[in-house]
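Here's upload06.cif, which has mmCIF, C-alpha atoms:
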data_work
loop_
_atom_site.label_atom_id
_atom_site.label_comp_id
_atom_site.auth_asym_id
_atom_site.auth_seq_id
_atom_site.Cartn_x
_atom_site.Cartn_y
_atom_site.Cartn_z
CA MET V 1217 8.49 -90.09 67.93
CA THR V 1218 7.45 -92.98 70.09
CA PRO V 1219 6.14 -96.20 68.52
CA GLU V 1220 2.78 -95.48 70.14
CA ILE V 1221 2.52 -92.08 68.48
CA ARG V 1222 3.54 -93.53 65.14
CA LYS V 1223 0.89 -96.24 65.44
CA ALA V 1224 -1.75 -93.73 66.44
CA ALA V 1225 -0.89 -91.51 63.50
CA LEU V 1226 -1.13 -94.45 61.11
CA ARG V 1227 -4.44 -95.48 62.62
CA ALA V 1228 -5.78 -91.99 62.01
CA ALA V 1229 -4.64 -92.12 58.39
CA ALA V 1230 -6.16 -95.57 57.97
CA LYS V 1231 -9.45 -94.38 59.40
CA ALA V 1232 -9.51 -91.52 56.94
CA ALA V 1233 -8.87 -93.95 54.11
CA LEU V 1234 -11.50 -96.46 55.15
CA VAL V 1235 -14.62 -95.78 53.24
CA LEU V 1236 -16.69 -98.69 52.32
CA ALA V 1237 -14.90 -101.76 52.56
CA VAL V 1238 -12.68 -102.53 54.93
CA GLY V 1239 -11.35 -102.06 53.74
CA CYS V 1240 15.79 -90.25 44.55
CA SER V 1241 15.59 -92.96 41.51
CA GLY V 1242 17.02 -94.40 38.35
CA GLY V 1243 20.40 -93.36 37.20
CA SER V 1244 23.44 -94.93 35.79
CA ALA V 1245 26.00 -97.11 37.36
CA ALA V 1246 28.31 -95.57 39.88
CA ALA V 1247 29.81 -92.48 38.43
CA PRO V 1248 33.42 -91.67 39.05
CA PRO V 1249 34.11 -89.03 41.65
CA SER V 1250 34.21 -85.52 40.37
CA ASN V 1251 37.41 -83.62 39.99
CA ILE V 1252 37.19 -81.77 43.27
CA ALA V 1253 40.03 -82.80 45.47
CA SER V 1254 38.97 -84.42 48.68
CA GLY V 1255 39.70 -82.31 51.71
CA ALA V 1256 40.26 -79.17 49.71
CA ASP V 1257 39.13 -75.85 51.04
CA PRO V 1258 35.84 -74.64 49.66
CA THR V 1259 36.47 -73.40 46.18
CA PRO V 1260 35.10 -70.13 44.91
CA PRO V 1261 31.71 -70.49 43.25
CA PRO V 1262 32.20 -71.29 39.59
CA PRO V 1263 30.76 -68.86 37.10
CA ALA V 1264 27.79 -71.10 36.39
CA THR V 1265 24.14 -71.02 37.18
CA CYS V 1266 22.88 -73.32 39.88
CA GLU V 1267 21.24 -75.56 37.30
CA ALA V 1268 24.46 -75.84 35.34
CA HIS V 1269 26.51 -76.39 38.47
CA LEU V 1270 24.30 -79.08 39.95
CA SER V 1271 23.92 -80.81 36.58
CA SER V 1272 27.68 -80.95 36.26
CA LEU V 1273 28.09 -83.01 39.40
CA ALA V 1274 28.35 -86.78 39.14
CA VAL V 1275 25.62 -88.70 40.94
CA VAL V 1276 25.44 -92.20 42.29
CA LYS V 1277 22.62 -94.33 43.62
CA VAL V 1278 22.57 -94.41 47.38
CA GLY V 1279 23.01 -98.19 47.37
CA GLN V 1280 26.27 -97.83 45.49
CA LEU V 1281 27.98 -95.55 47.99
CA ALA V 1282 31.33 -96.67 49.30
CA ASP V 1283 31.41 -98.04 52.83
CA ASP V 1284 33.39 -95.07 54.06
CA ASP V 1285 31.08 -92.49 52.53
CA PRO V 1286 29.48 -90.41 55.30
CA LEU V 1287 26.04 -91.02 53.78
CA HIS V 1288 26.49 -94.77 53.55
CA GLY V 1289 23.91 -96.67 55.55
CA ARG V 1290 21.90 -93.63 56.56
CA ASN V 1291 18.19 -94.32 56.52
CA ASP V 1292 17.33 -90.74 55.72
CA VAL V 1293 19.00 -90.64 52.32
CA PHE V 1294 17.08 -91.68 49.23
CA GLY V 1295 17.48 -92.06 45.50
CA GLU V 1296 20.64 -90.56 44.11
CA VAL V 1297 23.29 -88.51 45.84
CA PHE V 1298 26.14 -86.40 44.56
CA ALA V 1299 29.01 -88.85 44.20
CA ASP V 1300 31.81 -86.68 45.46
CA VAL V 1301 31.88 -85.86 49.15
CA ALA V 1302 33.72 -82.59 48.70
CA ALA V 1303 31.37 -81.53 45.93
CA ARG V 1304 28.42 -82.10 48.25
CA GLN V 1305 29.95 -79.83 50.85
CA ASP V 1306 31.15 -77.20 48.43
CA ALA V 1307 29.72 -73.80 49.32
CA HIS V 1308 28.25 -73.26 45.87
CA THR V 1309 26.55 -76.65 45.97
CA GLN V 1310 25.12 -75.86 49.36
CA GLU V 1311 23.83 -72.50 48.18
CA CYS V 1312 22.32 -73.98 45.07
CA CYS V 1313 20.71 -76.82 46.97
CA ALA V 1314 19.21 -74.46 49.50
CA GLU V 1315 17.77 -72.52 46.57
CA VAL V 1316 16.36 -75.68 44.98
CA LEU V 1317 14.68 -76.85 48.16
CA ALA V 1318 13.36 -73.41 49.03
CA ASP V 1319 11.42 -73.34 45.77
CA PRO V 1320 7.73 -73.99 46.47
CA ASP V 1321 7.78 -76.17 43.37
CA ALA V 1322 10.82 -78.13 44.51
CA ALA V 1323 9.03 -81.43 44.17
CA SER V 1324 9.05 -81.15 40.42
CA LYS V 1325 12.58 -79.83 40.09
CA PRO V 1326 15.65 -81.87 39.25
CA HIS V 1327 18.32 -82.48 41.91
CA ARG V 1328 15.91 -82.44 44.83
CA TRP V 1329 17.00 -85.76 46.29
CA GLU V 1330 20.68 -85.12 45.69
CA CYS V 1331 20.21 -81.76 47.38
CA CYS V 1332 18.39 -83.22 50.38
CA SER V 1333 21.34 -85.46 51.10
CA ALA V 1334 23.91 -82.78 50.26
CA LEU V 1335 22.45 -80.46 52.86
CA ALA V 1336 22.11 -83.30 55.33
CA SER V 1337 25.74 -84.30 54.77
CA VAL V 1338 27.09 -81.18 56.42
CA GLY V 1339 24.40 -80.82 59.00
CA THR V 1340 23.35 -77.51 57.54
CA ALA V 1341 21.13 -75.80 60.06
CA GLN V 1342 18.07 -75.53 57.88
CA PRO V 1343 15.82 -73.17 59.73
CA PHE V 1344 12.62 -75.09 59.23
CA ALA V 1345 10.98 -78.40 60.01
CA CYS V 1346 8.37 -80.33 58.07
CA THR V 1347 6.08 -78.33 55.84
CA PRO V 1348 4.48 -80.81 53.45
CA TRP V 1349 0.84 -80.64 54.50
CA GLY V 1350 -0.99 -78.69 51.86
CA PRO V 1351 -1.57 -81.02 48.94
CA PRO V 1352 0.39 -79.92 45.89
CA CYS V 1353 -1.13 -79.73 42.45
CA PRO V 1354 -1.38 -83.22 40.94
CA PRO V 1355 1.15 -83.97 38.23
CA ALA V 1356 0.12 -83.98 34.60
CA MET V 1357 0.82 -86.98 32.42
CA ALA V 1358 3.55 -86.18 29.91
CA MET T 1179 10.29 -66.93 39.77
CA GLU T 1180 7.49 -64.47 39.28
CA GLY T 1181 6.78 -62.94 42.63
CA ILE T 1182 3.28 -62.77 44.00
CA THR T 1183 2.93 -61.45 47.50
CA LEU T 1184 0.81 -63.53 49.83
CA ASP T 1185 -0.17 -61.16 52.60
CA LEU T 1186 -2.11 -62.80 55.42
CA ARG T 1187 -1.09 -60.37 58.14
CA ASP T 1188 -4.56 -59.06 58.92
CA ALA T 1189 -6.20 -62.48 58.98
CA ALA T 1190 -3.33 -63.91 60.98
CA ARG T 1191 -3.34 -61.20 63.61
CA LEU T 1192 -6.98 -61.93 64.35
CA ARG T 1193 -6.17 -65.56 65.06
CA GLN T 1194 -2.96 -65.38 67.06
CA PRO T 1195 -2.61 -68.17 69.59
CA ALA T 1196 -0.87 -67.67 72.89
CA ILE T 1197 2.43 -69.45 72.59
CA ALA T 1198 5.35 -69.44 74.98
CA ALA T 1199 8.48 -67.71 73.75
CA ALA T 1200 10.61 -70.10 71.74
CA GLY T 1201 14.00 -68.56 72.49
CA ALA T 1202 16.66 -69.80 70.12
CA LEU T 1203 14.10 -71.83 68.23
CA THR T 1204 12.14 -68.74 67.19
CA PRO T 1205 13.62 -68.41 63.67
CA ALA T 1206 12.95 -72.08 63.00
CA VAL T 1207 9.39 -71.84 64.29
CA ILE T 1208 8.70 -68.81 62.12
CA ALA T 1209 10.25 -70.40 59.03
CA THR T 1210 8.38 -73.66 59.55
CA TRP T 1211 4.98 -72.10 60.04
CA ARG T 1212 5.54 -69.64 57.23
CA GLY T 1213 6.26 -72.62 54.96
CA ARG T 1214 3.06 -74.23 56.13
CA MET T 1215 1.18 -70.99 55.57
CA ILE T 1216 2.37 -70.88 51.98
CA ASN T 1217 1.59 -74.54 51.27
CA GLU T 1218 -1.81 -74.52 52.93
CA HIS T 1219 -2.93 -71.36 51.22
CA GLY T 1220 -1.59 -72.64 47.91
CA SER T 1221 -3.67 -75.79 48.27
CA SER T 1222 -6.83 -73.73 48.15
CA HIS T 1223 -6.17 -73.25 44.43
CA VAL T 1224 -5.91 -77.03 44.01
CA PHE T 1225 -9.33 -77.59 45.56
CA THR T 1226 -10.82 -74.74 43.56
CA GLY T 1227 -9.51 -76.41 40.40
CA LEU T 1228 -11.00 -79.72 41.48
CA ALA T 1229 -14.32 -77.99 42.16
CA ASP T 1230 -14.36 -76.60 38.63
CA GLN T 1231 -13.71 -80.06 37.20
CA LEU T 1232 -16.45 -81.61 39.31
CA ASP T 1233 -18.88 -78.91 38.26
CA ALA T 1234 -18.07 -79.64 34.64
CA LEU T 1235 -18.80 -83.30 35.33
CA GLY T 1236 -22.24 -82.45 36.65
CA ARG T 1237 -21.35 -83.11 40.27
CA PRO T 1238 -22.43 -79.85 41.98
CA ASP T 1239 -22.52 -81.30 45.48
CA ASP T 1240 -19.00 -82.65 45.20
CA ALA T 1241 -17.89 -79.37 43.65
CA ALA T 1242 -19.39 -77.49 46.57
CA ALA T 1243 -17.51 -79.75 48.98
CA CYS T 1244 -14.25 -78.94 47.23
CA ARG T 1245 -15.00 -75.22 47.41
CA THR T 1246 -15.50 -75.65 51.14
CA PHE T 1247 -12.14 -77.44 51.29
CA ALA T 1248 -10.56 -74.55 49.40
CA ALA T 1249 -11.92 -72.14 52.01
CA GLU T 1250 -10.58 -74.40 54.75
CA GLU T 1251 -7.14 -74.37 53.19
CA ARG T 1252 -7.24 -70.57 53.09
CA GLU T 1253 -8.20 -70.61 56.75
CA HIS T 1254 -5.33 -72.99 57.48
CA GLY T 1255 -3.02 -70.54 55.76
CA ALA T 1256 -4.26 -67.80 58.07
CA LEU T 1257 -3.89 -70.07 61.10
CA CYS T 1258 -0.33 -70.97 60.19
CA GLY T 1259 0.33 -67.30 59.57
CA ALA T 1260 -1.08 -66.62 63.03
CA VAL T 1261 1.70 -68.73 64.51
CA VAL T 1262 4.23 -66.76 62.48
CA GLU T 1263 2.85 -63.50 63.83
CA ALA T 1264 2.64 -64.85 67.38
CA MET T 1265 6.34 -65.66 67.19
CA GLY T 1266 7.20 -62.15 66.03
CA GLY T 1267 7.35 -62.90 62.31
CA THR T 1268 5.31 -61.48 59.46
CA ALA T 1269 2.60 -63.53 57.78
CA GLN T 1270 3.71 -62.49 54.36
CA ALA T 1271 5.65 -64.29 51.66
CA GLU T 1272 6.51 -64.29 48.00
CA VAL T 1273 4.78 -67.21 46.31
CA GLY T 1274 4.51 -68.67 42.86
CA PRO T 1275 1.48 -68.38 40.60
CA PRO T 1276 -1.60 -70.41 41.55
CA ALA T 1277 -1.47 -74.07 40.63
CA ILE T 1278 -3.44 -75.20 37.60
CA VAL T 1279 -4.96 -78.62 38.16
CA PRO T 1280 -4.29 -80.81 35.11
CA LEU T 1281 -7.18 -81.69 32.83
CA HIS T 1282 -5.59 -84.95 31.62
CA ALA T 1283 -6.67 -84.58 28.04
CA ASP T 1284 -5.48 -88.11 27.28
CA THR T 1285 -8.54 -89.51 29.03
CA THR T 1286 -12.13 -88.64 29.87
CA PRO T 1287 -13.04 -85.85 32.32
CA ARG T 1288 -14.34 -88.48 34.70
CA ALA T 1289 -11.09 -90.46 34.79
CA ALA T 1290 -9.19 -87.17 34.96
CA VAL T 1291 -11.01 -86.16 38.13
CA ILE T 1292 -10.32 -89.53 39.70
CA ARG T 1293 -6.64 -89.20 38.87
CA ASN T 1294 -6.55 -85.83 40.57
CA LEU T 1295 -8.52 -86.92 43.61
CA ILE T 1296 -6.27 -89.92 44.12
CA SER T 1297 -3.23 -87.65 44.01
CA VAL T 1298 -4.66 -84.90 46.22
CA CYS T 1299 -6.91 -86.68 48.69
CA CYS T 1300 -5.99 -90.35 48.77
CA MET T 1301 -2.27 -89.68 48.72
CA SER T 1302 -1.25 -86.20 49.91
CA GLU T 1303 -4.07 -85.60 52.37
CA THR T 1304 -3.84 -89.09 53.82
CA VAL T 1305 -0.14 -88.49 54.48
CA ALA T 1306 -1.03 -85.14 56.03
CA VAL T 1307 -3.45 -86.86 58.40
CA ALA T 1308 -0.65 -89.10 59.63
CA LEU T 1309 2.00 -86.38 59.91
CA ILE T 1310 -0.21 -83.81 61.60
CA GLY T 1311 -1.71 -86.52 63.78
CA ALA T 1312 1.73 -87.46 65.07
CA GLU T 1313 2.73 -83.85 65.59
CA ARG T 1314 -0.45 -83.21 67.49
CA LEU T 1315 0.21 -86.12 69.84
CA GLU T 1316 3.71 -84.86 70.53
CA MET T 1317 2.47 -81.39 71.37
CA PRO T 1318 1.29 -80.50 74.88
CA GLU T 1319 -2.24 -79.20 75.45
CA GLY T 1320 -2.60 -75.54 74.64
CA GLU T 1321 -3.68 -73.06 72.01
CA LEU T 1322 -1.16 -74.23 69.43
CA ARG T 1323 -2.33 -77.79 69.77
CA ALA T 1324 -5.94 -76.64 69.42
CA LEU T 1325 -4.97 -74.80 66.24
CA LEU T 1326 -3.23 -77.91 64.93
CA GLU T 1327 -6.24 -80.08 65.77
CA ARG T 1328 -8.50 -77.83 63.76
CA ILE T 1329 -6.27 -78.20 60.72
CA TRP T 1330 -5.99 -81.94 61.30
CA ALA T 1331 -9.76 -82.39 61.49
CA ASP T 1332 -10.19 -80.65 58.14
CA GLU T 1333 -7.45 -82.73 56.52
CA ILE T 1334 -9.27 -85.87 57.64
CA GLY T 1335 -12.35 -84.59 55.87
CA HIS T 1336 -10.39 -83.88 52.70
CA ALA T 1337 -8.84 -87.34 52.68
CA ARG T 1338 -12.17 -89.04 53.34
CA PHE T 1339 -13.86 -87.16 50.54
CA GLY T 1340 -11.35 -88.48 48.04
CA TRP T 1341 -11.45 -92.06 49.28
CA ARG T 1342 -15.25 -92.03 49.25
CA PHE T 1343 -15.44 -90.55 45.76
CA VAL T 1344 -12.92 -93.01 44.39
CA ALA T 1345 -14.71 -95.95 46.00
CA HIS T 1346 -17.99 -95.00 44.37
CA ALA T 1347 -16.65 -93.89 41.02
CA LEU T 1348 -14.11 -96.58 40.20
CA PRO T 1349 -16.69 -99.33 39.55
CA THR T 1350 -18.48 -97.10 37.06
CA LEU T 1351 -15.44 -96.56 34.84
CA THR T 1352 -15.05 -98.18 31.46
CA PRO T 1353 -12.01 -100.45 31.02
CA GLU T 1354 -10.30 -97.67 29.07
CA GLU T 1355 -10.92 -95.14 31.83
CA LEU T 1356 -9.73 -97.57 34.47
CA ASP T 1357 -6.59 -98.16 32.47
CA ALA T 1358 -6.03 -94.41 32.35
CA VAL T 1359 -6.24 -94.26 36.15
CA VAL T 1360 -3.89 -97.22 36.54
CA ARG T 1361 -1.35 -95.67 34.16
CA TYR T 1362 -1.33 -92.54 36.29
CA LEU T 1363 -0.49 -94.18 39.59
CA PRO T 1364 3.32 -94.46 39.18
CA LEU T 1365 3.48 -90.76 38.37
CA ALA T 1366 1.23 -89.84 41.28
CA PHE T 1367 3.33 -91.89 43.68
CA GLY T 1368 6.58 -90.46 42.33
CA HIS T 1369 5.25 -86.96 42.66
CA LEU T 1370 4.05 -87.63 46.19
CA GLU T 1371 7.41 -88.98 47.30
CA ALA T 1372 9.32 -86.11 45.73
CA HIS T 1373 7.05 -83.53 47.34
CA GLU T 1374 7.18 -85.08 50.78
CA LEU T 1375 10.94 -85.56 50.82
CA ALA T 1376 11.52 -82.04 49.56
CA HIS T 1377 9.41 -80.67 52.40
CA ILE T 1378 10.69 -82.90 55.18
CA PRO T 1379 14.29 -81.86 55.80
CA VAL T 1380 16.45 -84.17 57.82
CA ALA T 1381 19.46 -81.98 58.33
CA THR T 1382 18.49 -80.62 61.69
CA THR T 1383 18.08 -82.37 64.98
CA TRP T 1384 15.74 -80.45 67.22
CA PRO T 1385 15.86 -80.37 71.01
CA ALA T 1386 13.04 -82.10 72.86
CA GLU T 1387 11.17 -78.87 73.51
CA ALA T 1388 10.85 -78.24 69.76
CA ALA T 1389 7.75 -80.45 69.69
CA VAL T 1390 5.98 -77.76 71.69
CA TYR T 1391 6.21 -75.50 68.64
CA GLY T 1392 5.45 -78.08 65.97
CA LEU T 1393 9.03 -78.65 64.88
CA CYS T 1394 8.81 -82.29 63.97
CA ASP T 1395 11.81 -84.54 63.56
CA GLY T 1396 12.54 -85.01 59.88
CA GLN T 1397 13.75 -88.59 60.11
CA ASP T 1398 10.69 -89.63 62.09
CA ALA T 1399 8.42 -87.79 59.69
CA ARG T 1400 10.00 -89.45 56.67
CA ALA T 1401 9.66 -92.86 58.27
CA LEU T 1402 6.01 -92.13 59.03
CA PHE T 1403 5.48 -90.97 55.45
CA PHE T 1404 6.79 -94.25 54.07
CA ASP T 1405 4.76 -96.25 56.58
CA THR T 1406 1.63 -94.36 55.56
CA VAL T 1407 2.24 -95.21 51.93
CA THR T 1408 2.97 -98.87 52.48
CA ASP T 1409 0.57 -99.58 55.36
CA VAL T 1410 -2.39 -97.37 54.45
CA ILE T 1411 -2.45 -95.92 50.95
CA ILE T 1412 -1.28 -98.94 48.98
CA PRO T 1413 -3.55 -101.44 50.78
CA GLN T 1414 -6.55 -99.16 50.42
CA LEU T 1415 -5.99 -98.55 46.73
CA GLU T 1416 -5.46 -102.28 46.24
CA ALA T 1417 -8.73 -102.91 48.09
CA HIS T 1418 -10.40 -100.80 45.42
CA GLY T 1419 -8.85 -102.93 42.70
CA LEU T 1420 -5.96 -100.67 41.75
CA PRO T 1421 -2.46 -102.18 41.39
CA ALA T 1422 -0.93 -99.75 43.84
CA ALA T 1423 1.93 -101.90 45.08
CA ARG T 1424 3.22 -102.31 41.55
CA ALA T 1425 2.72 -98.62 40.86
CA TRP T 1426 4.72 -97.67 43.96
CA HIS T 1427 7.51 -99.97 42.84
CA GLU T 1428 7.43 -98.33 39.40
CA ARG T 1429 7.00 -94.77 40.67
CA ARG T 1430 8.45 -92.00 38.58
CA THR T 1431 8.40 -88.24 38.45
CA ALA T 1432 8.13 -87.65 34.70
#
What would you get if you wrote out this structure as structure tokens?
Amino acid sequence: MTPEIRKAALRAAAKAALVLAVGCSGGSAAAPPSNIASGADPTPPPPATCEAHLSSLAVVKVGQLADDDPLHGRNDVFGEVFADVAARQDAHTQECCAEVLADPDAASKPHRWECCSALASVGTAQPFACTPWGPPCPPAMA
Amino acid sequence: MEGITLDLRDAARLRQPAIAAAGALTPAVIATWRGRMINEHGSSHVFTGLADQLDALGRPDDAAACRTFAAEEREHGALCGAVVEAMGGTAQAEVGPPAIVPLHADTTPRAAVIRNLISVCCMSETVAVALIGAERLEMPEGELRALLERIWADEIGHARFGWRFVAHALPTLTPEELDAVVRYLPLAFGHLEAHELAHIPVATTWPAEAAVYGLCDGQDARALFFDTVTDVIIPQLEAHGLPAARAWHERRTA
């Protein structure tokens, strides 16, 4: 996207917003890496549901990633990520993350940001581009 | 998930644009536009819910506008499905149950509607205007671009409706109602961010010709999303007296 296109798109949004006047977060400190050995071959999927599997993985805030982490410094990674590189790339994690993000209600599901970066970390060929247009249902206050 | 079949094949086949064959990109084009078909059609339920709330508030004209928007979203679903069919796919998908727009029982119906309109129109639709606007500019002239422009024009109308309503209604709120709106903003922003990031994948780098088919670059789209929030949505909400910058900083999803 050229800077001109980006500016034009923002101008269009600003025009829509002008009426009268002119007018992946939180989390604990860095968690220790999980117990999956780095560089190991993909392990067989554990006998756990996706929710249980993803919840079992340690997470870390993106700002706390080690310098040599493949996701370190990437501007397309947000919030929290799965701490262990091998766990991110594990086949079961990838399957579960694809399932999470394929859910039409993914925005309100746990693990969405960790899953975005997990899929990005292996360059998974997700067969779709951006699909966020239709406004989702507003959230309800707890 | 409970499966409900969304079948837009007939409507889509009547609207098929002429699009050049996409070759190896065909599966991605079909998947992308099918995702859009699902989201656009699903949004019709959101506007129908808003219309019901506005009717209950004694705002029949605004309710009628939202019913028109609901029909437009259904049409967008058919148009996106038309791209799916034109690419050799099927404009059919399993979807979840229709969304139920929250009533926000912790506040008045009037503040509840404003909460919902800020979330739907001032946030989501304003982001859609930017994202579709960029995609449109990257797309060459042709039937697909014309289809995209039609959707874009409607989204502008949806965003404007919300901004206009909020501008007129906010000054009429009691302090308690205004506080209820302010308390909602961090949740609305958190929800917006989560939705956008979940629907803007960054794992794939598309070849240059992908723009012809509406396959936008995820990293660019995410950057544009954040720019739209910080450069458009937050300043405009602040201009209406809402502490949006603080709310964005404190955004949360639950």
Distance cut-off 7 Å, counting all atoms listed in the file - which residues of chain T neighbour chain V? Return them as a PDB file with C-alpha atoms, in the coordinates of the input.
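Okay, part_27.pdb is ready:
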ATOM      1  CA  PRO T1205      13.620 -68.410  63.670  1.00  0.00           C
ATOM      2  CA  ALA T1206      12.950 -72.080  63.000  1.00  0.00           C
ATOM      3  CA  VAL T1207       9.390 -71.840  64.290  1.00  0.00           C
ATOM      4  CA  ALA T1209      10.250 -70.400  59.030  1.00  0.00           C
ATOM      5  CA  THR T1210       8.380 -73.660  59.550  1.00  0.00           C
ATOM      6  CA  GLY T1213       6.260 -72.620  54.960  1.00  0.00           C
ATOM      7  CA  ARG T1214       3.060 -74.230  56.130  1.00  0.00           C
ATOM      8  CA  ASN T1217       1.590 -74.540  51.270  1.00  0.00           C
ATOM      9  CA  GLU T1218      -1.810 -74.520  52.930  1.00  0.00           C
ATOM     10  CA  SER T1221      -3.670 -75.790  48.270  1.00  0.00           C
ATOM     11  CA  VAL T1224      -5.910 -77.030  44.010  1.00  0.00           C
ATOM     12  CA  ALA T1277      -1.470 -74.070  40.630  1.00  0.00           C
ATOM     13  CA  VAL T1279      -4.960 -78.620  38.160  1.00  0.00           C
ATOM     14  CA  PRO T1280      -4.290 -80.810  35.110  1.00  0.00           C
ATOM     15  CA  HIS T1282      -5.590 -84.950  31.620  1.00  0.00           C
ATOM     16  CA  ASN T1294      -6.550 -85.830  40.570  1.00  0.00           C
ATOM     17  CA  SER T1297      -3.230 -87.650  44.010  1.00  0.00           C
ATOM     18  CA  VAL T1298      -4.660 -84.900  46.220  1.00  0.00           C
ATOM     19  CA  SER T1302      -1.250 -86.200  49.910  1.00  0.00           C
ATOM     20  CA  GLU T1303      -4.070 -85.600  52.370  1.00  0.00           C
ATOM     21  CA  THR T1304      -3.840 -89.090  53.820  1.00  0.00           C
ATOM     22  CA  VAL T1305      -0.140 -88.490  54.480  1.00  0.00           C
ATOM     23  CA  ALA T1306      -1.030 -85.140  56.030  1.00  0.00           C
ATOM     24  CA  VAL T1307      -3.450 -86.860  58.400  1.00  0.00           C
ATOM     25  CA  ALA T1308      -0.650 -89.100  59.630  1.00  0.00           C
ATOM     26  CA  LEU T1309       2.000 -86.380  59.910  1.00  0.00           C
ATOM     27  CA  GLY T1311      -1.710 -86.520  63.780  1.00  0.00           C
ATOM     28  CA  ALA T1312       1.730 -87.460  65.070  1.00  0.00           C
ATOM     29  CA  LEU T1315       0.210 -86.120  69.840  1.00  0.00           C
ATOM     30  CA  ILE T1334      -9.270 -85.870  57.640  1.00  0.00           C
ATOM     31  CA  ALA T1337      -8.840 -87.340  52.680  1.00  0.00           C
ATOM     32  CA  ARG T1338     -12.170 -89.040  53.340  1.00  0.00           C
ATOM     33  CA  TRP T1341     -11.450 -92.060  49.280  1.00  0.00           C
ATOM     34  CA  ARG T1342     -15.250 -92.030  49.250  1.00  0.00           C
ATOM     35  CA  ALA T1366       1.230 -89.840  41.280  1.00  0.00           C
ATOM     36  CA  HIS T1369       5.250 -86.960  42.660  1.00  0.00           C
ATOM     37  CA  ALA T1372       9.320 -86.110  45.730  1.00  0.00           C
ATOM     38  CA  HIS T1373       7.050 -83.530  47.340  1.00  0.00           C
ATOM     39  CA  GLU T1374       7.180 -85.080  50.780  1.00  0.00           C
ATOM     40  CA  ALA T1376      11.520 -82.040  49.560  1.00  0.00           C
ATOM     41  CA  HIS T1377       9.410 -80.670  52.400  1.00  0.00           C
ATOM     42  CA  ILE T1378      10.690 -82.900  55.180  1.00  0.00           C
ATOM     43  CA  PRO T1379      14.290 -81.860  55.800  1.00  0.00           C
ATOM     44  CA  VAL T1380      16.450 -84.170  57.820  1.00  0.00           C
ATOM     45  CA  ALA T1381      19.460 -81.980  58.330  1.00  0.00           C
ATOM     46  CA  THR T1382      18.490 -80.620  61.690  1.00  0.00           C
ATOM     47  CA  LEU T1393       9.030 -78.650  64.880  1.00  0.00           C
ATOM     48  CA  CYS T1394       8.810 -82.290  63.970  1.00  0.00           C
ATOM     49  CA  GLY T1396      12.540 -85.010  59.880  1.00  0.00           C
ATOM     50  CA  GLN T1397      13.750 -88.590  60.110  1.00  0.00           C
ATOM     51  CA  ASP T1398      10.690 -89.630  62.090  1.00  0.00           C
ATOM     52  CA  LEU T1402       6.010 -92.130  59.030  1.00  0.00           C
ATOM     53  CA  THR T1406       1.630 -94.360  55.560  1.00  0.00           C
ATOM     54  CA  VAL T1410      -2.390 -97.370  54.450  1.00  0.00           C
ATOM     55  CA  GLN T1414      -6.550 -99.160  50.420  1.00  0.00           C
ATOM     56  CA  ALA T1417      -8.730-102.910  48.090  1.00  0.00           C
ATOM     57  CA  ALA T1432       8.130 -87.650  34.700  1.00  0.00           C
TER      58      ALA T1432
END
field: Shell of 9 Å around Thr1309 in chain V, only C-alpha atoms, local chain residues under 5 positions omitted, as a list in words
entry: Pro1261, Cys1266, His1269, Leu1270, Ala1303, Arg1304, Ala1314, Cys1331, Ala1334 and Leu1335 of chain V
Which residues fall under the PyMOL selection byres ((chain T and resi 1223) around 8) in this file, as an mmCIF file with C-alpha atoms, keeping the file's coordinate frame?
data_model
loop_
_atom_site.group_PDB
_atom_site.id
_atom_site.type_symbol
_atom_site.label_atom_id
_atom_site.label_comp_id
_atom_site.auth_asym_id
_atom_site.auth_seq_id
_atom_site.Cartn_x
_atom_site.Cartn_y
_atom_site.Cartn_z
ATOM 1 C CA HIS T 1219 -2.930 -71.360 51.220
ATOM 2 C CA GLY T 1220 -1.590 -72.640 47.910
ATOM 3 C CA SER T 1221 -3.670 -75.790 48.270
ATOM 4 C CA SER T 1222 -6.830 -73.730 48.150
ATOM 5 C CA VAL T 1224 -5.910 -77.030 44.010
ATOM 6 C CA PHE T 1225 -9.330 -77.590 45.560
ATOM 7 C CA THR T 1226 -10.820 -74.740 43.560
ATOM 8 C CA GLY T 1227 -9.510 -76.410 40.400
ATOM 9 C CA ALA T 1248 -10.560 -74.550 49.400
ATOM 10 C CA PRO T 1276 -1.600 -70.410 41.550
ATOM 11 C CA ALA T 1277 -1.470 -74.070 40.630
ATOM 12 C CA ILE T 1278 -3.440 -75.200 37.600
#
message: Taking the file as I've supplied it (selection: the PyMOL selection byres ((chain T and resi 1328) around 12)), which residues are included? Please answer as a PyMOL selection string.
response: chain T and resi 1250-1251+1253-1254+1257-1258+1307+1310-1311+1314+1321-1327+1329-1335
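The coordinates place CA of Arg1429 in chain T at 22.8 Å from CA of Ala1274 in chain V.
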- request: Extract, using all atoms listed in the file, all DNA, RNA and protein residues at most 8 Å from Leu1184 in chain T, discarding same-chain residues fewer than 5 positions from it, and format them as a ChimeraX atom specification.
  value: /T:1216,1270-1273
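The gap separating CA of Glu1315 in chain V from CA of Asp1284 in chain V is 28.4 Å, in Å to one decimal.
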CA of Leu1295 in chain T to CA of Ala1229 in chain T, distance in Å rounded to a single decimal: 10.7 Å
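For Ala1299 in chain V, the non-local neighbours within 6 Å, defined as residues at least 2 positions apart in the same chain or in other chains and counting all atoms listed in the file, are Pro1249, Ala1274, Val1275, Val1276 and Val1297 of chain V.
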